[in-house]
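Trainee: Can you read through this structure? Questions will come right after.
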Amino acid sequence: MPVAISCVTLPVDDLQKSLSFYQNVMGFSPDEQDEDHAAFDVDGVYLVLLNRGDFSVYVEGVGHRPAARGQSESILSHFAETTGEVDALIAKAKGAGAAVSEAEDDDGVYSGSFTDPDGHVWEVLYDAA
């Protein structure tokens, strides 16, 4: 059986603020949540928001330190179906206070990006090809 990504876990400082962002901007509904985490089933891959302290326990268990807030080690991407969807999602994120990079066309790929409340970078793109 090939390996697949089943879950992506993001450290958060304020679970309720992040939960609200993902519900209101991304349109995700939590499948489960408690005081330490919230989990969303995003087309079969779980996106988990986990309090930063609990997140640290996992990465320190293998000898690593979590990236400090405002530093990125990955980019999360959403493939949109139209350029309008790209613009709408970036506008929604901007309206929620996210830092954004406005979308532009680069050889047929229309993309822009934004950050969630904890600085995790999301790319939104539409590939016309």
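Residue numbering restarts at 1 for every chain of the structure tokens, chains are lettered A, B, ... in their displayed order, and ligands are numbered from 1 as they appear.
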Within 10 Å of A:Tyr46, counting only C-alpha atoms, which residues qualify if same-chain residues fewer than 2 places away don't, as a ChimeraX atom specification?

Mentor: /A:5-9,30-31,38-44,48-49

Trainee: For the residues in that selection, give me all heavy atoms as a short mmCIF file (atom, residue, chain, number, x, y, z; two decimals), in the first residue's frame.

Mentor:
```
data_model
loop_
_atom_site.label_atom_id
_atom_site.label_comp_id
_atom_site.auth_asym_id
_atom_site.auth_seq_id
_atom_site.Cartn_x
_atom_site.Cartn_y
_atom_site.Cartn_z
N ILE A 5 -0.68 11.02 2.69
CA ILE A 5 -0.82 11.98 3.80
C ILE A 5 -2.23 11.84 4.35
O ILE A 5 -3.21 12.00 3.63
CB ILE A 5 -0.55 13.42 3.33
CG1 ILE A 5 0.90 13.55 2.90
CG2 ILE A 5 -0.89 14.41 4.43
CD1 ILE A 5 1.25 14.89 2.29
N SER A 6 -2.33 11.54 5.63
CA SER A 6 -3.62 11.36 6.28
C SER A 6 -4.01 12.56 7.14
O SER A 6 -5.19 12.80 7.36
CB SER A 6 -3.58 10.12 7.18
OG SER A 6 -3.25 8.98 6.42
N CYS A 7 -2.98 13.28 7.63
CA CYS A 7 -3.25 14.35 8.57
C CYS A 7 -2.13 15.39 8.50
O CYS A 7 -0.96 15.04 8.40
CB CYS A 7 -3.32 13.76 9.98
SG CYS A 7 -3.61 14.94 11.28
N VAL A 8 -2.51 16.65 8.57
CA VAL A 8 -1.57 17.77 8.69
C VAL A 8 -1.94 18.48 9.98
O VAL A 8 -3.10 18.86 10.17
CB VAL A 8 -1.65 18.73 7.49
CG1 VAL A 8 -0.77 19.95 7.71
CG2 VAL A 8 -1.30 18.01 6.20
N THR A 9 -0.97 18.65 10.88
CA THR A 9 -1.22 19.29 12.17
C THR A 9 -0.48 20.62 12.23
O THR A 9 0.71 20.68 11.96
CB THR A 9 -0.76 18.38 13.32
OG1 THR A 9 -1.45 17.13 13.21
CG2 THR A 9 -1.06 19.00 14.67
N PRO A 30 -15.55 21.72 11.97
CA PRO A 30 -14.77 20.73 12.73
C PRO A 30 -15.54 19.42 12.90
O PRO A 30 -16.73 19.41 13.17
CB PRO A 30 -14.53 21.42 14.07
CG PRO A 30 -15.61 22.43 14.19
CD PRO A 30 -15.98 22.84 12.80
N ASP A 31 -14.81 18.34 12.71
CA ASP A 31 -15.37 17.01 12.96
C ASP A 31 -15.24 16.65 14.43
O ASP A 31 -16.02 15.85 14.95
CB ASP A 31 -14.65 15.94 12.13
CG ASP A 31 -15.05 16.00 10.67
OD1 ASP A 31 -16.13 16.52 10.37
OD2 ASP A 31 -14.27 15.53 9.83
N ALA A 38 -8.69 21.10 17.34
CA ALA A 38 -9.86 20.98 16.47
C ALA A 38 -9.40 20.25 15.22
O ALA A 38 -8.27 20.47 14.75
CB ALA A 38 -10.43 22.34 16.11
N ALA A 39 -10.24 19.37 14.70
CA ALA A 39 -9.88 18.59 13.51
C ALA A 39 -10.96 18.73 12.45
O ALA A 39 -12.15 18.64 12.74
CB ALA A 39 -9.70 17.12 13.88
N PHE A 40 -10.50 18.97 11.21
CA PHE A 40 -11.39 19.11 10.06
C PHE A 40 -11.06 18.01 9.06
O PHE A 40 -9.88 17.78 8.77
CB PHE A 40 -11.16 20.46 9.35
CG PHE A 40 -11.21 21.65 10.25
CD1 PHE A 40 -10.05 22.18 10.79
CD2 PHE A 40 -12.41 22.27 10.54
CE1 PHE A 40 -10.08 23.31 11.59
CE2 PHE A 40 -12.46 23.40 11.34
CZ PHE A 40 -11.29 23.91 11.88
N ASP A 41 -12.07 17.35 8.55
CA ASP A 41 -11.87 16.39 7.46
C ASP A 41 -11.99 17.17 6.16
O ASP A 41 -13.06 17.62 5.78
CB ASP A 41 -12.92 15.28 7.53
CG ASP A 41 -12.72 14.21 6.46
OD1 ASP A 41 -11.92 14.42 5.52
OD2 ASP A 41 -13.38 13.16 6.56
N VAL A 42 -10.86 17.35 5.48
CA VAL A 42 -10.81 18.10 4.23
C VAL A 42 -10.59 17.11 3.10
O VAL A 42 -9.46 16.77 2.77
CB VAL A 42 -9.69 19.17 4.27
CG1 VAL A 42 -9.73 20.02 3.01
CG2 VAL A 42 -9.80 20.04 5.52
N ASP A 43 -11.68 16.60 2.55
CA ASP A 43 -11.62 15.62 1.47
C ASP A 43 -10.73 14.42 1.80
O ASP A 43 -9.90 14.00 1.00
CB ASP A 43 -11.16 16.27 0.16
CG ASP A 43 -12.23 17.18 -0.42
OD1 ASP A 43 -13.42 16.94 -0.18
OD2 ASP A 43 -11.85 18.14 -1.12
N GLY A 44 -10.88 13.91 3.01
CA GLY A 44 -10.16 12.70 3.39
C GLY A 44 -8.82 12.91 4.06
O GLY A 44 -8.19 11.96 4.52
N VAL A 48 -5.54 19.41 11.44
CA VAL A 48 -5.69 19.52 12.89
C VAL A 48 -5.03 20.80 13.37
O VAL A 48 -3.88 21.08 13.03
CB VAL A 48 -5.07 18.30 13.61
CG1 VAL A 48 -5.17 18.45 15.12
CG2 VAL A 48 -5.75 17.01 13.16
N LEU A 49 -5.76 21.57 14.13
CA LEU A 49 -5.23 22.74 14.82
C LEU A 49 -4.95 22.30 16.25
O LEU A 49 -5.86 21.84 16.94
CB LEU A 49 -6.23 23.89 14.81
CG LEU A 49 -6.80 24.29 13.45
CD1 LEU A 49 -7.85 25.38 13.61
CD2 LEU A 49 -5.69 24.73 12.51
#
```

Trainee: Could you list, as a compact mmCIF listing (two decimals) with C-alpha atoms, in the first residue's frame, every residue within 6 Å of stretch 102-113 of chain A, counting only C-alpha atoms and ignoring same-chain residues fewer than 4 positions away?

Mentor:
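And here's selection-v6.txt as it stands now:
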```txt
# COMPACT_ATOMS: atom_id res chain seq x y z
CA TRP A 122 -1.75 29.25 2.30
CA GLU A 123 -1.36 29.43 -1.47
CA VAL A 124 -4.52 29.61 -3.57
CA LEU A 125 -4.07 28.84 -7.23
CA TYR A 126 -5.86 28.15 -10.46
CA ASP A 127 -3.97 26.41 -13.25
CA ALA A 128 -5.56 27.12 -16.63
```

Trainee: At a cut-off of 9 Å, using only C-alpha atoms, what residues contact stretch 19-24 of chain A? Leave out same-chain residues fewer than 5 positions from it and give the result as number ranges by chain.

Mentor: A: 14, 29-30, 38, 49, 92-93, 96, 116-117

Trainee: Keeping only N, CA, C and O atoms, write those residues as a tab-separated table (two decimals), in the first residue's frame.

Mentor:
```tsv
chain	number	residue	atom	x	y	z
A	14	ASP	N	-3.93	30.52	19.71
A	14	ASP	CA	-5.28	30.78	20.21
A	14	ASP	C	-6.24	29.90	19.41
A	14	ASP	O	-6.63	30.25	18.29
A	29	SER	N	-15.81	22.85	8.68
A	29	SER	CA	-16.56	22.55	9.91
A	29	SER	C	-15.78	21.49	10.68
A	29	SER	O	-15.40	20.47	10.11
A	30	PRO	N	-15.55	21.72	11.97
A	30	PRO	CA	-14.77	20.73	12.73
A	30	PRO	C	-15.54	19.42	12.90
A	30	PRO	O	-16.73	19.41	13.17
A	38	ALA	N	-8.69	21.10	17.34
A	38	ALA	CA	-9.86	20.98	16.47
A	38	ALA	C	-9.40	20.25	15.22
A	38	ALA	O	-8.27	20.47	14.75
A	49	LEU	N	-5.76	21.57	14.13
A	49	LEU	CA	-5.23	22.74	14.82
A	49	LEU	C	-4.95	22.30	16.25
A	49	LEU	O	-5.86	21.84	16.94
A	92	LYS	N	-11.53	37.17	1.24
A	92	LYS	CA	-12.12	36.73	2.50
A	92	LYS	C	-11.06	36.69	3.60
A	92	LYS	O	-11.29	37.11	4.73
A	93	ALA	N	-9.89	36.14	3.25
A	93	ALA	CA	-8.80	36.06	4.23
A	93	ALA	C	-8.34	37.47	4.63
A	93	ALA	O	-8.13	37.74	5.81
A	96	ALA	N	-10.53	39.04	7.04
A	96	ALA	CA	-10.41	38.46	8.38
A	96	ALA	C	-9.09	38.86	9.04
A	96	ALA	O	-8.75	38.35	10.11
A	116	ASP	N	-2.76	32.45	7.93
A	116	ASP	CA	-3.80	32.28	8.93
A	116	ASP	C	-3.39	33.06	10.18
A	116	ASP	O	-2.32	33.70	10.18
A	117	PRO	N	-4.18	33.06	11.26
A	117	PRO	CA	-3.84	33.86	12.44
A	117	PRO	C	-2.49	33.50	13.08
A	117	PRO	O	-1.93	34.32	13.80
```

Trainee: Please run DSSP on the backbone and report, as a ChimeraX atom specification, all residues within chain A that come out as strand (DSSP E or B).

Mentor: /A:7-12,32-33,37-42,45-51,75-79,100-106,109-115,121-127

Trainee: Can those selected residues be exported to a file as a short mmCIF file (atom, residue, chain, number, x, y, z; two decimals), in the first residue's frame so that it contains N, CA and C atoms?

Mentor:
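And here is the file that came out, again-v9.cif:
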```cif
data_model
loop_
_atom_site.label_atom_id
_atom_site.label_comp_id
_atom_site.auth_asym_id
_atom_site.auth_seq_id
_atom_site.Cartn_x
_atom_site.Cartn_y
_atom_site.Cartn_z
N CYS A 7 -2.98 13.28 7.63
CA CYS A 7 -3.25 14.35 8.57
C CYS A 7 -2.13 15.39 8.50
N VAL A 8 -2.51 16.65 8.57
CA VAL A 8 -1.57 17.77 8.69
C VAL A 8 -1.94 18.48 9.98
N THR A 9 -0.97 18.65 10.88
CA THR A 9 -1.22 19.29 12.17
C THR A 9 -0.48 20.62 12.23
N LEU A 10 -1.22 21.68 12.57
CA LEU A 10 -0.66 23.01 12.67
C LEU A 10 -0.67 23.49 14.12
N PRO A 11 0.45 24.04 14.61
CA PRO A 11 0.44 24.60 15.96
C PRO A 11 -0.27 25.96 15.96
N VAL A 12 -1.07 26.19 16.98
CA VAL A 12 -1.80 27.47 17.09
C VAL A 12 -1.64 28.04 18.50
N GLU A 32 -14.22 17.22 15.06
CA GLU A 32 -14.04 17.02 16.50
C GLU A 32 -13.29 18.21 17.05
N GLN A 33 -13.51 18.49 18.32
CA GLN A 33 -12.76 19.54 18.97
C GLN A 33 -12.89 19.43 20.48
N HIS A 37 -7.53 21.03 20.79
CA HIS A 37 -7.41 20.85 19.34
C HIS A 37 -8.77 20.93 18.65
N ALA A 38 -8.69 21.10 17.34
CA ALA A 38 -9.86 20.98 16.47
C ALA A 38 -9.40 20.25 15.22
N ALA A 39 -10.24 19.37 14.70
CA ALA A 39 -9.88 18.59 13.51
C ALA A 39 -10.96 18.73 12.45
N PHE A 40 -10.50 18.97 11.21
CA PHE A 40 -11.39 19.11 10.06
C PHE A 40 -11.06 18.01 9.06
N ASP A 41 -12.07 17.35 8.55
CA ASP A 41 -11.87 16.39 7.46
C ASP A 41 -11.99 17.17 6.16
N VAL A 42 -10.86 17.35 5.48
CA VAL A 42 -10.81 18.10 4.23
C VAL A 42 -10.59 17.11 3.10
N VAL A 45 -8.35 14.15 4.12
CA VAL A 45 -7.12 14.47 4.85
C VAL A 45 -7.52 15.34 6.03
N TYR A 46 -7.10 14.95 7.22
CA TYR A 46 -7.43 15.74 8.40
C TYR A 46 -6.48 16.91 8.54
N LEU A 47 -7.06 18.08 8.79
CA LEU A 47 -6.30 19.27 9.16
C LEU A 47 -6.59 19.47 10.64
N VAL A 48 -5.54 19.41 11.44
CA VAL A 48 -5.69 19.52 12.89
C VAL A 48 -5.03 20.80 13.37
N LEU A 49 -5.76 21.57 14.13
CA LEU A 49 -5.23 22.74 14.82
C LEU A 49 -4.95 22.30 16.25
N LEU A 50 -3.70 22.41 16.67
CA LEU A 50 -3.30 21.90 17.99
C LEU A 50 -2.60 23.00 18.77
N ASN A 51 -2.97 23.17 20.03
CA ASN A 51 -2.30 24.17 20.85
C ASN A 51 -0.79 23.99 20.75
N ILE A 75 4.13 25.19 2.96
CA ILE A 75 3.06 25.99 2.36
C ILE A 75 1.89 25.06 2.13
N LEU A 76 0.73 25.45 2.59
CA LEU A 76 -0.49 24.70 2.34
C LEU A 76 -1.12 25.27 1.08
N SER A 77 -1.62 24.43 0.21
CA SER A 77 -2.17 24.91 -1.06
C SER A 77 -3.60 24.46 -1.26
N HIS A 78 -4.37 25.35 -1.88
CA HIS A 78 -5.74 25.04 -2.29
C HIS A 78 -5.82 25.28 -3.79
N PHE A 79 -6.24 24.27 -4.54
CA PHE A 79 -6.40 24.40 -5.98
C PHE A 79 -7.82 24.84 -6.28
N VAL A 100 -1.78 39.22 3.05
CA VAL A 100 -2.02 38.60 1.75
C VAL A 100 -1.01 39.05 0.71
N SER A 101 -0.83 38.20 -0.27
CA SER A 101 -0.11 38.52 -1.49
C SER A 101 -1.16 38.39 -2.59
N GLU A 102 -1.50 39.53 -3.21
CA GLU A 102 -2.57 39.52 -4.21
C GLU A 102 -2.23 38.57 -5.35
N ALA A 103 -3.24 37.99 -5.94
CA ALA A 103 -3.06 37.02 -7.01
C ALA A 103 -2.56 37.68 -8.28
N GLU A 104 -1.75 36.92 -9.01
CA GLU A 104 -1.28 37.37 -10.31
C GLU A 104 -1.08 36.14 -11.20
N ASP A 105 -1.03 36.40 -12.49
CA ASP A 105 -0.87 35.32 -13.46
C ASP A 105 0.61 35.14 -13.78
N ASP A 106 1.08 33.90 -13.72
CA ASP A 106 2.45 33.58 -14.07
C ASP A 106 2.43 32.38 -15.01
N VAL A 109 -0.70 30.17 -14.61
CA VAL A 109 -1.04 29.79 -13.24
C VAL A 109 -1.35 31.08 -12.48
N TYR A 110 -2.59 31.20 -12.06
CA TYR A 110 -3.06 32.38 -11.35
C TYR A 110 -3.05 32.05 -9.86
N SER A 111 -2.24 32.76 -9.10
CA SER A 111 -2.13 32.40 -7.68
C SER A 111 -1.82 33.60 -6.81
N GLY A 112 -2.17 33.46 -5.55
CA GLY A 112 -1.88 34.42 -4.51
C GLY A 112 -1.78 33.66 -3.20
N SER A 113 -1.49 34.36 -2.13
CA SER A 113 -1.35 33.65 -0.86
C SER A 113 -1.82 34.53 0.30
N PHE A 114 -1.99 33.86 1.45
CA PHE A 114 -2.37 34.56 2.68
C PHE A 114 -1.89 33.75 3.86
N THR A 115 -1.91 34.38 5.02
CA THR A 115 -1.54 33.68 6.25
C THR A 115 -2.77 33.52 7.14
N VAL A 121 1.23 29.76 6.01
CA VAL A 121 1.02 30.30 4.66
C VAL A 121 0.15 29.37 3.83
N TRP A 122 -0.87 29.95 3.23
CA TRP A 122 -1.75 29.25 2.30
C TRP A 122 -1.57 29.85 0.91
N GLU A 123 -1.37 29.01 -0.08
CA GLU A 123 -1.36 29.43 -1.47
C GLU A 123 -2.69 29.02 -2.08
N VAL A 124 -3.28 29.92 -2.86
CA VAL A 124 -4.52 29.61 -3.57
C VAL A 124 -4.20 29.78 -5.04
N LEU A 125 -4.45 28.72 -5.83
CA LEU A 125 -4.07 28.84 -7.23
C LEU A 125 -5.06 28.16 -8.17
N TYR A 126 -5.08 28.72 -9.37
CA TYR A 126 -5.86 28.15 -10.46
C TYR A 126 -4.91 27.96 -11.63
N ASP A 127 -4.84 26.73 -12.12
CA ASP A 127 -3.97 26.41 -13.25
C ASP A 127 -4.85 26.23 -14.48
#
```

Trainee: Stretch 66-72 of chain A: which residues within 7 Å, counting only C-alpha atoms, same-chain residues fewer than 2 positions away excluded, as a PDB file with all heavy atoms, in the first residue's frame?

Mentor:
```
ATOM      1  N   SER A  56       4.456  21.039  20.507  1.00  0.00           N
ATOM      2  CA  SER A  56       5.877  20.955  20.859  1.00  0.00           C
ATOM      3  C   SER A  56       6.252  19.586  21.403  1.00  0.00           C
ATOM      4  O   SER A  56       7.334  19.072  21.125  1.00  0.00           O
ATOM      5  CB  SER A  56       6.232  22.026  21.893  1.00  0.00           C
ATOM      6  OG  SER A  56       6.074  23.304  21.338  1.00  0.00           O
ATOM      7  N   VAL A  59       7.035  17.197  18.400  1.00  0.00           N
ATOM      8  CA  VAL A  59       8.269  17.416  17.640  1.00  0.00           C
ATOM      9  C   VAL A  59       9.507  17.297  18.516  1.00  0.00           C
ATOM     10  O   VAL A  59      10.554  16.857  18.046  1.00  0.00           O
ATOM     11  CB  VAL A  59       8.254  18.753  16.864  1.00  0.00           C
ATOM     12  CG1 VAL A  59       7.139  18.743  15.832  1.00  0.00           C
ATOM     13  CG2 VAL A  59       8.144  19.950  17.774  1.00  0.00           C
ATOM     14  N   HIS A  64      13.444  17.670  17.743  1.00  0.00           N
ATOM     15  CA  HIS A  64      13.282  18.932  17.013  1.00  0.00           C
ATOM     16  C   HIS A  64      12.616  19.974  17.888  1.00  0.00           C
ATOM     17  O   HIS A  64      11.980  19.649  18.889  1.00  0.00           O
ATOM     18  CB  HIS A  64      12.431  18.723  15.758  1.00  0.00           C
ATOM     19  CG  HIS A  64      13.143  18.015  14.672  1.00  0.00           C
ATOM     20  ND1 HIS A  64      13.530  18.631  13.521  1.00  0.00           N
ATOM     21  CD2 HIS A  64      13.560  16.735  14.567  1.00  0.00           C
ATOM     22  CE1 HIS A  64      14.148  17.759  12.743  1.00  0.00           C
ATOM     23  NE2 HIS A  64      14.179  16.605  13.358  1.00  0.00           N
ATOM     24  N   SER A  74       6.507  25.135   5.680  1.00  0.00           N
ATOM     25  CA  SER A  74       5.699  24.509   4.639  1.00  0.00           C
ATOM     26  C   SER A  74       4.701  25.531   4.097  1.00  0.00           C
ATOM     27  O   SER A  74       4.490  26.586   4.693  1.00  0.00           O
ATOM     28  CB  SER A  74       4.949  23.291   5.181  1.00  0.00           C
ATOM     29  OG  SER A  74       4.045  23.692   6.183  1.00  0.00           O
ATOM     30  N   ASP A 118      -1.966  32.309  12.809  1.00  0.00           N
ATOM     31  CA  ASP A 118      -0.690  31.899  13.392  1.00  0.00           C
ATOM     32  C   ASP A 118       0.465  32.003  12.411  1.00  0.00           C
ATOM     33  O   ASP A 118       1.570  31.556  12.698  1.00  0.00           O
ATOM     34  CB  ASP A 118      -0.803  30.477  13.951  1.00  0.00           C
ATOM     35  CG  ASP A 118      -1.724  30.452  15.147  1.00  0.00           C
ATOM     36  OD1 ASP A 118      -1.258  30.812  16.242  1.00  0.00           O
ATOM     37  OD2 ASP A 118      -2.909  30.118  14.982  1.00  0.00           O
ATOM     38  N   GLY A 119       0.211  32.603  11.245  1.00  0.00           N
ATOM     39  CA  GLY A 119       1.275  32.815  10.279  1.00  0.00           C
ATOM     40  C   GLY A 119       1.512  31.676   9.310  1.00  0.00           C
ATOM     41  O   GLY A 119       2.451  31.726   8.515  1.00  0.00           O
ATOM     42  N   HIS A 120       0.691  30.631   9.339  1.00  0.00           N
ATOM     43  CA  HIS A 120       0.828  29.533   8.382  1.00  0.00           C
ATOM     44  C   HIS A 120       0.415  30.051   7.003  1.00  0.00           C
ATOM     45  O   HIS A 120      -0.620  30.691   6.865  1.00  0.00           O
ATOM     46  CB  HIS A 120      -0.023  28.330   8.786  1.00  0.00           C
ATOM     47  CG  HIS A 120       0.307  27.831  10.158  1.00  0.00           C
ATOM     48  ND1 HIS A 120       1.510  27.252  10.469  1.00  0.00           N
ATOM     49  CD2 HIS A 120      -0.409  27.859  11.298  1.00  0.00           C
ATOM     50  CE1 HIS A 120       1.523  26.928  11.753  1.00  0.00           C
ATOM     51  NE2 HIS A 120       0.366  27.292  12.276  1.00  0.00           N
TER      52      HIS A 120
END
```

Trainee: Apply DSSP to the structure's backbone, then extract all residues of stretch 26-78 of chain A labelled alpha helix (DSSP H) and return them as a PyMOL selection string.

Mentor: chain A and resi 52-60

Trainee: Export N, CA, C and O atoms of the chosen residues as an mmCIF file, in the first residue's frame?

Mentor:
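The resulting again-v9.cif:
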```cif
data_model
loop_
_atom_site.group_PDB
_atom_site.id
_atom_site.type_symbol
_atom_site.label_atom_id
_atom_site.label_comp_id
_atom_site.auth_asym_id
_atom_site.auth_seq_id
_atom_site.Cartn_x
_atom_site.Cartn_y
_atom_site.Cartn_z
ATOM 1 N N ARG A 52 -0.080 25.119 20.626
ATOM 2 C CA ARG A 52 1.362 25.100 20.385
ATOM 3 C C ARG A 52 2.124 24.272 21.418
ATOM 4 O O ARG A 52 3.056 23.551 21.077
ATOM 5 N N GLY A 53 1.742 24.333 22.678
ATOM 6 C CA GLY A 53 2.435 23.558 23.713
ATOM 7 C C GLY A 53 2.323 22.065 23.473
ATOM 8 O O GLY A 53 3.305 21.324 23.628
ATOM 9 N N ASP A 54 1.145 21.600 23.099
ATOM 10 C CA ASP A 54 0.953 20.177 22.814
ATOM 11 C C ASP A 54 1.684 19.779 21.538
ATOM 12 O O ASP A 54 2.236 18.686 21.438
ATOM 13 N N PHE A 55 1.701 20.670 20.557
ATOM 14 C CA PHE A 55 2.431 20.418 19.311
ATOM 15 C C PHE A 55 3.919 20.216 19.612
ATOM 16 O O PHE A 55 4.565 19.318 19.069
ATOM 17 N N SER A 56 4.456 21.039 20.507
ATOM 18 C CA SER A 56 5.877 20.955 20.859
ATOM 19 C C SER A 56 6.252 19.586 21.403
ATOM 20 O O SER A 56 7.334 19.072 21.125
ATOM 21 N N VAL A 57 5.358 18.984 22.168
ATOM 22 C CA VAL A 57 5.633 17.666 22.739
ATOM 23 C C VAL A 57 5.936 16.649 21.641
ATOM 24 O O VAL A 57 6.871 15.849 21.753
ATOM 25 N N TYR A 58 5.176 16.707 20.553
ATOM 26 C CA TYR A 58 5.379 15.757 19.452
ATOM 27 C C TYR A 58 6.726 15.959 18.769
ATOM 28 O O TYR A 58 7.473 15.014 18.557
ATOM 29 N N VAL A 59 7.035 17.197 18.400
ATOM 30 C CA VAL A 59 8.269 17.416 17.640
ATOM 31 C C VAL A 59 9.507 17.297 18.516
ATOM 32 O O VAL A 59 10.554 16.857 18.046
ATOM 33 N N GLU A 60 9.394 17.662 19.789
ATOM 34 C CA GLU A 60 10.538 17.521 20.690
ATOM 35 C C GLU A 60 10.837 16.054 20.971
ATOM 36 O O GLU A 60 11.969 15.690 21.274
#
```
